[in-house]
Structure formats: C-alpha cells, structure tokens
file input.tsv (TSV, C-alpha atoms)
chain	number	residue	atom	x	y	z
A	134	MET	CA	184.70	33.79	-6.62
A	135	THR	CA	183.79	30.17	-7.33
A	136	GLU	CA	186.50	28.00	-8.84
A	137	ASN	CA	185.56	26.48	-12.20
A	138	PRO	CA	187.25	23.10	-12.73
A	139	ASN	CA	186.43	23.27	-16.44
A	140	ALA	CA	188.02	26.67	-16.99
A	141	ASN	CA	190.05	25.40	-19.93
A	142	GLY	CA	186.89	24.56	-21.88
A	143	ASP	CA	187.39	20.82	-21.39
A	144	GLU	CA	183.78	20.17	-20.47
A	145	HIS	CA	182.59	17.44	-18.16
A	146	ASN	CA	180.38	15.34	-20.41
A	147	GLY	CA	177.97	14.16	-17.72
A	148	ASN	CA	178.22	10.44	-18.56
A	149	ALA	CA	178.46	9.53	-14.91
A	150	VAL	CA	175.72	10.48	-12.46
A	151	PRO	CA	177.14	11.22	-8.98
A	152	THR	CA	176.03	8.85	-6.26
A	153	PRO	CA	173.05	10.42	-4.42
A	154	ARG	CA	173.88	11.18	-0.80
A	155	GLY	CA	170.84	9.30	0.41
A	156	ALA	CA	171.48	6.23	-1.72
A	157	GLY	CA	174.83	4.49	-1.55
A	158	GLY	CA	176.44	7.21	0.54
A	159	GLU	CA	177.90	6.77	4.01
A	160	VAL	CA	175.46	7.78	6.73
A	161	ILE	CA	177.44	9.18	9.66
A	162	ARG	CA	174.74	10.82	11.75
A	163	VAL	CA	171.01	11.47	12.16
A	164	ARG	CA	170.54	15.06	13.20
A	165	LYS	CA	167.46	16.32	15.01
A	166	GLY	CA	166.30	19.92	15.21
A	167	MET	CA	167.81	22.96	13.54
A	168	PHE	CA	171.05	22.99	15.54
A	169	GLY	CA	171.36	19.39	16.65
A	170	ALA	CA	170.42	20.07	20.28
A	171	ASP	CA	169.49	16.82	22.00
A	172	ASN	CA	168.00	17.88	25.32
A	173	GLY	CA	165.08	20.07	24.33
A	174	GLY	CA	167.13	23.26	24.14
A	175	ASP	CA	166.34	23.97	20.48
A	176	THR	CA	164.45	27.27	20.48
A	177	SER	CA	164.35	27.61	16.68
A	178	GLY	CA	160.88	26.08	16.30
A	179	TYR	CA	162.29	23.23	14.21
A	180	GLY	CA	162.80	20.77	17.04
A	181	GLY	CA	160.94	18.05	15.11
A	182	LEU	CA	163.21	18.28	12.07
A	183	VAL	CA	165.09	15.03	11.36
A	184	ARG	CA	167.91	15.01	8.84
A	185	THR	CA	170.27	12.25	7.75
A	186	ILE	CA	173.89	13.36	7.43
A	187	ALA	CA	175.67	11.31	4.79
A	188	LEU	CA	178.95	11.56	2.96
A	189	PRO	CA	178.80	10.93	-0.81
A	190	GLY	CA	179.64	7.38	-1.84
A	191	ALA	CA	182.22	6.23	-4.36
A	192	ALA	CA	181.44	6.96	-8.01
A	193	SER	CA	181.60	4.35	-10.75
A	194	ARG	CA	183.20	4.71	-14.14
A	195	PRO	CA	182.96	6.43	-16.45
A	196	TYR	CA	183.34	9.54	-14.32
A	197	GLY	CA	182.92	11.74	-17.38
A	198	GLY	CA	185.10	14.19	-19.31
A	199	TRP	CA	188.65	14.70	-18.14
A	200	PHE	CA	187.92	13.08	-14.77
A	201	ASP	CA	188.67	9.66	-16.28
A	202	GLU	CA	191.84	10.95	-17.89
A	203	VAL	CA	193.17	12.21	-14.56
A	204	ALA	CA	192.16	9.03	-12.71
A	205	ASP	CA	193.75	6.79	-15.36
A	206	GLU	CA	196.99	8.77	-15.41
A	207	LEU	CA	197.25	8.86	-11.62
A	208	GLU	CA	196.63	5.13	-11.26
A	209	GLY	CA	199.11	4.32	-14.03
A	210	ALA	CA	201.79	6.57	-12.52
A	211	LEU	CA	201.37	4.95	-9.09
A	212	GLU	CA	201.67	1.47	-10.62
A	213	GLU	CA	204.94	2.53	-12.25
A	214	GLN	CA	206.18	3.33	-8.74
A	215	ASP	CA	205.17	-0.16	-7.55
A	216	LEU	CA	202.26	1.22	-5.52
A	217	LEU	CA	198.91	-0.44	-6.09
A	218	PRO	CA	196.32	2.30	-6.70
A	219	GLU	CA	193.74	0.54	-4.53
A	220	ASN	CA	196.16	0.74	-1.58
A	221	ALA	CA	196.60	4.50	-1.96
A	222	ILE	CA	193.18	5.61	-3.24
A	223	GLU	CA	190.47	4.59	-0.79
A	224	LYS	CA	187.67	5.83	-3.03
A	225	THR	CA	187.01	8.24	-5.87
A	226	VAL	CA	184.05	10.57	-5.49
A	227	VAL	CA	182.28	12.61	-8.16
A	228	ASP	CA	179.88	14.96	-6.42
A	229	ARG	CA	178.51	18.33	-7.53
A	230	ASP	CA	180.67	18.13	-10.64
A	231	GLU	CA	183.84	17.90	-8.53
A	232	LEU	CA	186.43	15.12	-8.49
A	233	THR	CA	187.80	14.04	-5.11
A	234	PHE	CA	190.34	11.31	-4.39
A	235	HIS	CA	190.21	9.94	-0.85
A	236	ILE	CA	193.81	9.03	-0.06
A	237	ALA	CA	195.24	6.78	2.68
A	238	ARG	CA	197.31	9.09	4.86
A	239	GLU	CA	200.44	6.95	4.69
A	240	HIS	CA	200.52	7.44	0.91
A	241	LEU	CA	199.53	11.12	0.80
A	242	VAL	CA	203.00	12.50	0.07
A	243	GLN	CA	203.67	10.05	-2.76
A	244	VAL	CA	200.29	10.69	-4.37
A	245	ALA	CA	200.67	14.47	-4.08
A	246	ARG	CA	204.17	14.36	-5.56
A	247	THR	CA	202.88	12.27	-8.46
A	248	LEU	CA	200.04	14.70	-9.10
A	249	ARG	CA	202.49	17.59	-9.06
A	250	ASP	CA	205.30	16.13	-11.17
A	251	ASP	CA	203.68	13.84	-13.74
A	252	PRO	CA	203.62	15.73	-17.09
A	253	ALA	CA	200.08	14.55	-17.88
A	254	LEU	CA	198.80	15.73	-14.48
A	255	ARG	CA	200.87	18.76	-13.40
A	256	PHE	CA	198.85	19.94	-10.42
A	257	GLU	CA	201.47	22.55	-9.56
A	258	LEU	CA	199.48	24.57	-7.05
A	259	CYS	CA	197.82	23.63	-3.77
A	260	THR	CA	195.53	26.48	-2.79
A	261	GLY	CA	195.31	25.30	0.80
A	262	VAL	CA	194.11	22.62	3.18
A	263	SER	CA	190.81	22.75	5.07
A	264	GLY	CA	190.09	20.87	8.28
A	265	VAL	CA	186.75	19.16	8.93
A	266	HIS	CA	185.51	17.33	12.03
A	267	PHE	CA	182.81	14.67	11.64
A	268	LEU	CA	181.92	13.35	15.09
A	269	GLY	CA	179.84	10.55	13.60
A	270	ASP	CA	182.54	9.29	11.22
A	271	LYS	CA	183.93	6.83	13.74
A	272	GLY	CA	187.61	6.01	13.38
A	273	ARG	CA	188.21	8.86	10.92
A	274	GLU	CA	186.64	11.87	12.59
A	275	LEU	CA	189.23	14.37	11.32
A	276	HIS	CA	189.45	15.15	7.61
A	277	ALA	CA	191.98	17.27	5.74
A	278	VAL	CA	190.85	18.48	2.31
A	279	TYR	CA	193.42	19.72	-0.23
A	280	HIS	CA	192.50	21.77	-3.30
A	281	LEU	CA	194.93	21.15	-6.17
A	282	ARG	CA	195.00	23.23	-9.36
A	283	SER	CA	196.77	22.44	-12.59
A	284	LEU	CA	197.88	25.70	-14.17
A	285	THR	CA	199.16	23.72	-17.15
A	286	HIS	CA	195.88	21.95	-17.92
A	287	GLY	CA	193.40	24.33	-16.26
A	288	ARG	CA	191.91	21.71	-13.94
A	289	LEU	CA	190.91	21.54	-10.30
A	290	ILE	CA	190.65	18.44	-8.09
A	291	ARG	CA	190.57	17.67	-4.40
A	292	LEU	CA	192.36	15.21	-2.14
A	293	GLU	CA	190.77	14.16	1.12
A	294	VAL	CA	192.59	12.39	3.95
A	295	SER	CA	191.15	11.20	7.24
A	296	ALA	CA	192.53	10.38	10.69
A	297	PRO	CA	190.92	9.35	13.98
A	298	ASP	CA	190.58	11.70	16.95
A	299	SER	CA	192.78	9.30	18.89
A	300	ASP	CA	195.64	9.54	16.36
A	301	PRO	CA	195.31	12.91	14.56
A	302	HIS	CA	198.48	12.61	12.48
A	303	ILE	CA	198.66	13.40	8.74
A	304	PRO	CA	201.89	13.95	6.78
A	305	SER	CA	202.76	17.56	5.96
A	306	LEU	CA	202.83	18.68	2.32
A	307	VAL	CA	204.85	21.84	2.94
A	308	ALA	CA	207.93	20.31	1.31
A	309	LEU	CA	205.92	19.80	-1.90
A	310	TYR	CA	203.64	22.85	-1.67
A	311	PRO	CA	205.29	25.59	0.43
A	312	THR	CA	202.07	27.65	0.36
A	313	ASN	CA	200.57	25.06	2.74
A	314	ASP	CA	202.76	26.30	5.59
A	315	TRP	CA	200.22	28.65	7.18
A	316	HIS	CA	197.20	26.60	6.07
A	317	GLU	CA	198.48	23.54	7.94
A	318	ARG	CA	199.17	25.67	11.00
A	319	GLU	CA	195.59	26.97	10.88
A	320	ALA	CA	194.12	23.46	10.56
A	321	TYR	CA	196.28	22.40	13.51
A	322	ASP	CA	195.26	25.44	15.53
A	323	PHE	CA	191.51	24.97	15.06
A	324	PHE	CA	191.13	21.20	14.62
A	325	GLY	CA	194.19	19.68	16.27
A	326	ILE	CA	195.39	17.89	13.13
A	327	VAL	CA	199.10	17.18	13.60
A	328	PHE	CA	200.93	17.56	10.29
A	329	ASP	CA	204.04	15.42	10.70
A	330	GLY	CA	207.10	17.01	9.12
A	331	HIS	CA	205.83	20.59	9.23
A	332	PRO	CA	208.79	22.94	9.82
A	333	ALA	CA	207.12	24.89	12.67
A	334	LEU	CA	203.70	23.57	13.65
A	335	THR	CA	202.54	26.22	16.12
A	336	ARG	CA	199.27	28.06	16.62
A	337	ILE	CA	198.63	30.86	14.17
A	338	MET	CA	195.34	32.44	15.33
A	339	MET	CA	194.73	31.42	18.94
A	340	PRO	CA	197.06	32.31	21.85
A	341	ASP	CA	199.91	29.87	22.36
A	342	ASP	CA	198.52	28.71	25.71
A	343	TRP	CA	194.94	28.15	24.43
A	344	GLN	CA	193.45	24.86	25.57
A	345	GLY	CA	191.73	22.67	22.97
A	346	PHE	CA	190.77	23.16	19.34
A	347	PRO	CA	187.79	25.50	18.94
A	348	GLN	CA	186.41	24.29	15.59
A	349	ARG	CA	185.98	20.69	16.64
A	350	LYS	CA	182.36	19.67	16.93
A	351	ASP	CA	182.86	18.49	20.51
A	352	TYR	CA	184.43	21.77	21.65
A	353	PRO	CA	182.27	23.32	24.41
A	354	LEU	CA	180.25	26.43	23.63
A	355	GLY	CA	181.92	29.30	25.37
A	356	GLY	CA	183.48	32.67	24.87
A	357	ILE	CA	185.07	35.66	26.49
A	358	ALA	CA	182.97	38.35	28.10
A	359	VAL	CA	182.98	41.61	26.13
A	360	GLU	CA	183.13	44.90	28.03
A	361	TYR	CA	181.52	48.12	26.84
A	362	LYS	CA	181.51	51.49	28.54
A	363	GLY	CA	178.94	51.24	31.30
A	364	ALA	CA	177.91	47.66	30.43
A	365	GLN	CA	179.22	44.16	30.11
A	366	ILE	CA	178.01	41.49	27.66
A	367	PRO	CA	178.39	37.97	29.11
A	368	ALA	CA	180.07	35.18	27.20
A	369	PRO	CA	177.78	33.18	24.86
A	370	ASP	CA	177.67	30.14	27.14
A	371	GLN	CA	176.27	32.33	29.91
A	372	ARG	CA	173.45	33.83	27.84
A	373	ARG	CA	171.40	30.81	26.71
A	374	SER	CA	171.98	27.10	26.57
A	375	TYR	CA	171.06	25.11	23.44
A	376	SER	CA	172.47	21.74	24.44

call {"tool": "encode", "arguments": {"input": "input.tsv", "output": "structure tokens"}}
result
Amino acid sequence: MTENPNANGDEHNGNAVPTPRGAGGEVIRVRKGMFGADNGGDTSGYGGLVRTIALPGAASRPYGGWFDEVADELEGALEEQDLLPENAIEKTVVDRDELTFHIAREHLVQVARTLRDDPALRFELCTGVSGVHFLGDKGRELHAVYHLRSLTHGRLIRLEVSAPDSDPHIPSLVALYPTNDWHEREAYDFFGIVFDGHPALTRIMMPDDWQGFPQRKDYPLGGIAVEYKGAQIPAPDQRRSYS
C-alpha cells in the first residue's frame, strides 16, 4: 500500500515545481545498456541504450502546502538549539510530491530528536531505514533513508544521510526510534553501513561468517549451487557472464 503524505487532507498546493532530474540535478553516472554491462556482455538487445543517472537537485521555496511549514518549524527549532540549519540540512528536495531533508550525519540524532519532540512537528514514528549504494556518488556512496511519520499531524517526510565507502559510519537512531533496531541491522548486513551506538549491530539475514555486503553495487555476481534430485543447477555466476 502506498503511503499518502497528505492523508490528513492538508493538500500540497503545487506552488513549487520539483527540480527536473536532468536539469539542476546531480549527475552521478552515465549508464550504458539495459544492465550496465561494460564489456559487451549485455544480451538484452539494448546494448546501445545510454541513460544519465542523476539525483534530484535542491528545491527552491516555496515548496508548497505544509512542506514550508515543516521546513520553517525545523529550521527555527534548530536555531533555538544554537545549531545553524545550513550546517545540519545539506539540501531540501521536493521530488514526486515527497519532502526529503538531506542531513549531515554528525547532526542526524539532533535533527531526528527535534522532529520527534517539537510539538509543531511530532514525527513520532520511524517506519524504518533503507540502505542505498551509489557507486558514482563519489565521497558519499552509501545512503541511509529514513521514513518519518507524524501520527499527530498525518504527515510523512524522509531524511537522507550519506557516508563514503571508506568511512561507512552513521549514528544509530535506535535510542530515539526503537523500531529501527532490526532495520539498522538489515542495512548493516546488506550494505555495510555501521550504525554507531546500535545496541547489537550483528547480521540479521546472512550467516555470521558471510564475507562482504551483498547489496552493494560492487559486490560480485555469485551464488550457491542448488541441488535437485538427479540434477544440479550451477550458481548464477557460472551460468552466463554479463560483465
């Protein structure tokens, strides 16, 4: 079921047009072929396809509807705590009618606590954290995306935090949102994001002795051979090579 950020009837008025991904966005990669194979191994028939991969750029005010109200309240609350909003909020994105604050990782806990506790914000629930790996986003390849819901105001926003492959540390939010416990473990298990302060950051899906993080884009294609009665199916990396 798709989340509706305007579930309380507080409609987004559409004053602000989101920044087009191809104009003003951040180009992080040019992808060729259907699957990105770079050595002629693309057997899809779309080897000549060229696609620009870009992250949406920062939006400009007015964002529209309650988006401005949330942004104003958050910035004002941070200023009251002697934290300059521009030091904590790297950019604000309005894309596909969703509001996302990109937060500097060193200020994540303070921003999340403010969003949770401020009476005008009251984002009491974090429905989880998702890991993303952008190989082309140099210096911030790993992204953690948090989905925050205000049960009081019927609103939904996102926080996004980035870290480099070489230093994959992001503060844990389990102390603020206990439901993040298993979600952070899953993001660690699959992407190698180290959530500092997590009470027990161990693998949750893969075996404890598994090497590497299988949902990173640079993880080698592989698998485990599957045995059937009278036959054996080889691992994927032994069937056909695409790159």

call {"tool": "residues_around", "arguments": {"input": "input.tsv", "residues": "A:Tyr179", "least_positions_apart": "3", "cutoff": "6 Å", "atoms": "only C-alpha atoms", "output": "ChimeraX atom specification"}}
result
/A:166-167,182

call {"tool": "closest_atom_pairs", "arguments": {"input": "input.tsv", "of": "stretch 152-269 of chain A", "to": "stretch 317-330 of chain A", "cutoff": "9 Å", "atoms": "all atoms listed in the file", "output": "CSV"}}
result
residue,atom,partner,partner_atom,distance
A:Gly261,CA,A:Glu317,CA,8.0
A:Val262,CA,A:Glu317,CA,6.5
A:Ser263,CA,A:Ala320,CA,6.4
A:Gly264,CA,A:Ala320,CA,5.3
A:Val265,CA,A:Phe324,CA,7.5
A:His266,CA,A:Phe324,CA,7.3

call {"tool": "residues_around", "arguments": {"input": "input.tsv", "residues": "A:Ala221", "least_positions_apart": "3", "cutoff": "7 Å", "atoms": "only C-alpha atoms", "output": "PyMOL selection string"}}
result
chain A and resi 217-218+236-237+240

call {"tool": "atom_distance", "arguments": {"input": "input.tsv", "atom1": "atom CA of A:Thr247", "atom2": "atom CA of A:Ala277"}}
result
18.6 Å

call {"tool": "atom_distance", "arguments": {"input": "input.tsv", "atom1": "atom CA of A:Val242", "atom2": "atom CA of A:Ser305"}}
result
7.8 Å

call {"tool": "residues_around", "arguments": {"input": "input.tsv", "residues": "A:Gly272", "least_positions_apart": "6", "cutoff": "8 Å", "atoms": "only C-alpha atoms", "output": "PyMOL selection string"}}
result
chain A and resi 296-298

call {"tool": "closest_residue", "arguments": {"input": "input.tsv", "among": "A:Ile290, A:Met339, A:Val163, A:Leu241", "to": "A:His302", "atoms": "all atoms listed in the file"}}
result
A:Leu241

call {"tool": "residues_around", "arguments": {"input": "input.tsv", "residues": "stretch 224-229 of chain A", "least_positions_apart": "2", "cutoff": "6 Å", "atoms": "all atoms listed in the file", "output": "short mmCIF file (atom, residue, chain, number, x, y, z; two decimals) with C-alpha atoms, in the frame of the given file"}}
result
data_model
loop_
_atom_site.label_atom_id
_atom_site.label_comp_id
_atom_site.auth_asym_id
_atom_site.auth_seq_id
_atom_site.Cartn_x
_atom_site.Cartn_y
_atom_site.Cartn_z
CA PRO A 151 177.14 11.22 -8.98
CA ALA A 191 182.22 6.23 -4.36
CA ALA A 192 181.44 6.96 -8.01
CA ILE A 222 193.18 5.61 -3.24
CA GLU A 231 183.84 17.90 -8.53
CA LEU A 232 186.43 15.12 -8.49
CA THR A 233 187.80 14.04 -5.11
CA PHE A 234 190.34 11.31 -4.39
CA HIS A 235 190.21 9.94 -0.85
#

call {"tool": "closest_residue", "arguments": {"input": "input.tsv", "among": "A:Thr335, A:Thr260, A:His286, A:Gln243", "to": "A:Ala210", "atoms": "only C-alpha atoms"}}
result
A:Gln243

call {"tool": "atom_distance", "arguments": {"input": "input.tsv", "atom1": "atom CA of A:Asp251", "atom2": "atom CA of A:Pro301"}}
result
29.5 Å
